[in-house]
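Inspection log for the structure reproduced underneath, given as structure tokens.
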Amino acid sequence: MNSVFMPRTMNSLWEIMEEEPGALLFAGGTDLLVKLRQSISEPPSLVCLERIEVLKGIKEIKEDLFIGACTTHSLLMNDSLIRYRCPVLVKALKVLGSPPIRNMGTIGGNICTASPAADTLPPLYVMGAEVEIRSRNSSRRMLLSEFILGPGKTRLKAGEIVFGIWLSKASEYNIHYFEKVGQRNSLAIAIVSLAALLKVSSSGTIEKASLAWGSVGPTVVTSTTVEEALTGQPLSLETLQKAGQLARDAVSPIDDVRAGASYRRQVAGNLLLRLLEATEISTDKYTYA
Ligand SMILES: Cc1cc2nc3c(=O)[nH]c(=O)nc-3n(C[C@H](O)[C@H](O)[C@H](O)COP(=O)(O)OP(=O)(O)OC[C@H]3O[C@@H](n4cnc5c(N)ncnc54)[C@H](O)[C@@H]3O)c2cc1C
């Protein structure tokens with residue numbers, strides 16, 4: 001019978017990881033435990049991260065926000081600082097799974113699963129999120145877009161964990177948009193998703209754009225071609241239609257049980273048209289308890 005370890009401190013985590021190099025880490029277990037249940041081989045030893053306090057919560061550190069890897073989706077979407085500073089992330093969290101999944105699942109788990117359909121990834125990409133990786137003796141930071149290599153693949157090495165996520169507090173953007181298209185309205189895995197941040201001037205010109213699509217490639221898809229096609233243009237149907245065509249060329253979807261590649265490609269472009277209806281959000285005048 002293999003063991004389940006539940007360390008309460010980082011020191012005891014490092015000790016367990018050294019003594020049990022084959023043990024698998026989990027936080028909420030909503031991905032890993034489901035996967036293990038489907039496996040016919042003997043379950044490995046497990047190390048649960050959820051009791052390590054330093055891995056949980058949201059902190060403001062100078063100009064940045066730090067989110068501990070084991071922060072649950074529920075905690076994040078109800079946090080006043082995240083609601084004001086990261087509306088695009090909150091919109092994605094609201095449609096991630098169901099309340100029980102959001103109460104158990106964590107942002108670190110969503111990132112490390114590295115699914116192209118993971119709902120937090122497109123918002124984190126458009127916000128330029130960085131991942132902090134720690135081992136017993138070292139710590140390194142890299143862009144999330146560099147950390148994720150492909151479906152289920154990351155740059156995490158043996159002996160390392162994701163310690164947390166760093167986001168810049170400053171945002172020039174006044175439009176924060178996220179939409180997930182699935183087979184139903186709730187408990188749906190993304191067929192296509194789009195996170196978009198736009199800076200639109202008072203005269204209606206798009207001054208800056210950051211876009212990321214989920215579920216239309218092996219990892220989240222970004223496109224400087226689409227962003228450049230939007231920049232300097234009026235936020236109009238014509239601009240978005242042109243950018244939508246470029247988006248269809250930028251994505252590389254596959255056929256799977258949920259949808260065909262051509263449908264996904266079409267929707268990836270169509271979602272841009274929704275930006276016409278997106279309402280302006282100011283994160284400058286925020287107050288929080
Ligand atoms: C019914 C159901 C519905 C779902 N719906 C959605 C959905 O709509 N959208 C969506 O994006 N996801 C969905 N998921 C997937 C899952 O809930 C999320 O990906 C969740 O965020 C995973 O977090 P977790 O803490 O449970 O991960 P875990 O299962 O604990 O871990 C997942 C993986 O990450 C690794 N890991 C976890 N934390 C760390 C860390 N700090 N450092 C290093 N490695 C780590 C684990 O080793 C494991 O490989 C759903 C799952 C279920 C069961």
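Ordered as shown in the structure tokens, chains take letters A, B, and onward, while each chain numbers its residues from 1 and ligands are numbered from 1 in the order shown.
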List as a Markdown table every residue of chain A that is in contact with ligand 1, defined as an atom at most 7 Å from one of its atoms (using only C-alpha atoms and all ligand atoms), together with the nearest atom pair and the distance in Å rounded to one decimal, sorted by chain and then rising number.
```
| residue | atom | partner | partner_atom_place_in_ligand_line | distance |
| --- | --- | --- | --- | --- |
| A:Leu24 | CA | ligand 1 | 47 (O) | 5.5 |
| A:Leu25 | CA | ligand 1 | 47 (O) | 4.0 |
| A:Phe26 | CA | ligand 1 | 30 (O) | 3.5 |
| A:Ala27 | CA | ligand 1 | 30 (O) | 3.5 |
| A:Gly28 | CA | ligand 1 | 26 (O) | 3.4 |
| A:Gly29 | CA | ligand 1 | 29 (O) | 3.3 |
| A:Thr30 | CA | ligand 1 | 26 (O) | 3.6 |
| A:Asp31 | CA | ligand 1 | 29 (O) | 3.4 |
| A:Leu32 | CA | ligand 1 | 29 (O) | 3.7 |
| A:Leu33 | CA | ligand 1 | 29 (O) | 6.0 |
| A:Val34 | CA | ligand 1 | 53 (C) | 6.4 |
| A:Ala69 | CA | ligand 1 | 41 (N) | 4.9 |
| A:Cys70 | CA | ligand 1 | 41 (N) | 6.0 |
| A:Val95 | CA | ligand 1 | 8 (O) | 6.3 |
| A:Leu96 | CA | ligand 1 | 8 (O) | 3.7 |
| A:Gly97 | CA | ligand 1 | 5 (N) | 3.4 |
| A:Ser98 | CA | ligand 1 | 3 (C) | 6.7 |
| A:Ile101 | CA | ligand 1 | 17 (O) | 5.5 |
| A:Met104 | CA | ligand 1 | 26 (O) | 5.9 |
| A:Gly105 | CA | ligand 1 | 26 (O) | 3.6 |
| A:Thr106 | CA | ligand 1 | 25 (O) | 3.8 |
| A:Ile107 | CA | ligand 1 | 21 (O) | 5.3 |
| A:Gly108 | CA | ligand 1 | 38 (N) | 4.7 |
| A:Gly109 | CA | ligand 1 | 27 (O) | 3.4 |
| A:Asn110 | CA | ligand 1 | 21 (O) | 3.5 |
| A:Ile111 | CA | ligand 1 | 34 (O) | 7.0 |
| A:Cys112 | CA | ligand 1 | 34 (O) | 4.2 |
| A:Thr113 | CA | ligand 1 | 33 (C) | 4.6 |
| A:Ala117 | CA | ligand 1 | 11 (O) | 6.1 |
| A:Ala118 | CA | ligand 1 | 11 (O) | 3.3 |
| A:Asp119 | CA | ligand 1 | 11 (O) | 3.9 |
| A:Thr120 | CA | ligand 1 | 11 (O) | 6.2 |
| A:Glu160 | CA | ligand 1 | 43 (C) | 6.9 |
| A:Ile161 | CA | ligand 1 | 42 (N) | 3.7 |
| A:Val162 | CA | ligand 1 | 42 (N) | 3.8 |
| A:Phe163 | CA | ligand 1 | 41 (N) | 5.7 |
| A:Leu187 | CA | ligand 1 | 8 (O) | 5.5 |
| A:Ala188 | CA | ligand 1 | 8 (O) | 5.3 |
| A:Ile189 | CA | ligand 1 | 8 (O) | 4.9 |
```
What residues in segment 56-106 of chain A get the DSSP label strand (DSSP E or B)? Please answer as a CSV table (one decimal) with N, CA and C atoms, in the first residue's frame.
```csv
chain,number,residue,atom,x,y,z
A,58,ILE,N,-3.5,35.5,-1.6
A,58,ILE,CA,-3.2,36.6,-2.6
A,58,ILE,C,-2.5,37.7,-1.8
A,59,LYS,N,-1.4,38.2,-2.4
A,59,LYS,CA,-0.7,39.2,-1.7
A,59,LYS,C,-0.3,40.3,-2.7
A,60,GLU,N,-0.3,41.6,-2.2
A,60,GLU,CA,0.3,42.7,-3.0
A,60,GLU,C,1.7,42.9,-2.6
A,61,ILE,N,2.6,42.8,-3.5
A,61,ILE,CA,4.0,43.0,-3.2
A,61,ILE,C,4.5,44.0,-4.2
A,64,ASP,N,3.3,44.4,-7.8
A,64,ASP,CA,2.9,43.1,-8.3
A,64,ASP,C,1.8,42.5,-7.4
A,65,LEU,N,1.1,41.5,-8.0
A,65,LEU,CA,0.2,40.7,-7.2
A,65,LEU,C,0.8,39.3,-7.2
A,66,PHE,N,0.8,38.6,-6.0
A,66,PHE,CA,1.3,37.2,-6.0
A,66,PHE,C,0.1,36.3,-5.6
A,67,ILE,N,-0.1,35.3,-6.3
A,67,ILE,CA,-1.1,34.3,-6.0
A,67,ILE,C,-0.4,33.0,-5.7
A,68,GLY,N,-0.6,32.5,-4.5
A,68,GLY,CA,-0.1,31.2,-4.1
A,68,GLY,C,-0.6,30.1,-5.0
A,72,THR,N,-7.5,28.3,-4.2
A,72,THR,CA,-8.6,27.7,-4.9
A,72,THR,C,-9.2,28.7,-5.8
A,106,THR,N,-7.3,24.3,-7.9
A,106,THR,CA,-6.4,25.4,-7.6
A,106,THR,C,-5.9,26.0,-8.9
```
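Interatomic distance, atom CA of Thr71 of chain A to atom CA of Thr279 of chain A: 28.3 Å.
You can rank A:Val267, A:Ser223, A:Arg258, A:Leu276 by their closest distance to Arg184 of chain A using only C-alpha atoms, and at the top of that list sits A:Arg258.
Residues with any atom within 10 Å of Ala158 of chain A, counting only C-alpha atoms and excluding same-chain neighbours fewer than 4 positions away, are Met17, Glu18, Pro21, Gly22 and Ser135 of chain A.
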Self-check item: Nearest to Lys180 of chain A by atom-to-atom distance, counting only C-alpha atoms, from A:Val226, A:Val126, A:Ala92, A:Ala247
Solution: A:Ala92
Practice problem: Give the helix (DSSP H, G or I) residues of segment 54-253 of chain A, as assigned by DSSP on the backbone, as a ChimeraX atom specification. | Solution: /A:54-55,73-77,80-85,87-94,99-104,107-113,121-126,144-147,224-230,237-250
Quiz item: What's the 7 Å shell around Leu272 of chain A, counting only C-alpha atoms, without same-chain residues fewer than 3 positions away, as a PyMOL selection string?
Solution: chain A and resi 240+244+269+275
Self-check item: Surrounding residues of segment 202-209 of chain A excluding itself and chain neighbours under 4 positions, 10 Å, only C-alpha atoms, as JSON, numbers by chain
Solution: {"A": [126, 172, 173, 175, 196, 197, 198, 224, 226, 227, 228, 229, 230, 231, 232, 233, 234, 235, 236, 239]}
Keeping C-alpha atoms, export the residues of the selection given above as a CSV table (one decimal), in the first residue's frame.
```csv
chain,number,residue,atom,x,y,z
A,126,VAL,CA,-3.0,38.2,-21.7
A,172,GLU,CA,-3.6,50.1,-19.1
A,173,TYR,CA,-6.6,48.2,-20.4
A,175,ILE,CA,-11.9,46.4,-21.8
A,196,ALA,CA,-9.0,39.8,-24.6
A,197,LEU,CA,-7.7,43.0,-23.1
A,198,LEU,CA,-8.1,46.2,-25.1
A,224,THR,CA,0.9,39.5,-32.8
A,226,VAL,CA,-4.1,39.9,-34.9
A,227,GLU,CA,-3.0,42.3,-32.2
A,228,GLU,CA,-1.2,44.6,-34.7
A,229,ALA,CA,-4.3,44.5,-37.0
A,230,LEU,CA,-6.4,45.9,-34.2
A,231,THR,CA,-3.9,48.5,-32.9
A,232,GLY,CA,-4.6,52.0,-34.2
A,233,GLN,CA,-8.0,51.1,-35.6
A,234,PRO,CA,-11.5,52.1,-34.5
A,235,LEU,CA,-13.3,49.5,-32.4
A,236,SER,CA,-15.8,48.7,-35.2
A,239,THR,CA,-12.0,46.1,-37.8
```
Practice problem: Write out as a VMD selection string each polymer residue whose atoms come within 10 Å of Tyr125 of chain A, counting only C-alpha atoms; drop sequence neighbours fewer than 3 positions from it. | Solution: chain A and resid 120 to 122 128 to 130 143 to 145 195 to 196 210 to 213 220 to 222
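Relative to atom CA of Ile165 of chain A, atom CA of Phe147 of chain A is found at 11.5 Å.
The coordinates place atom CA of Lys153 of chain A at 22.1 Å from atom CA of Ile40 of chain A.
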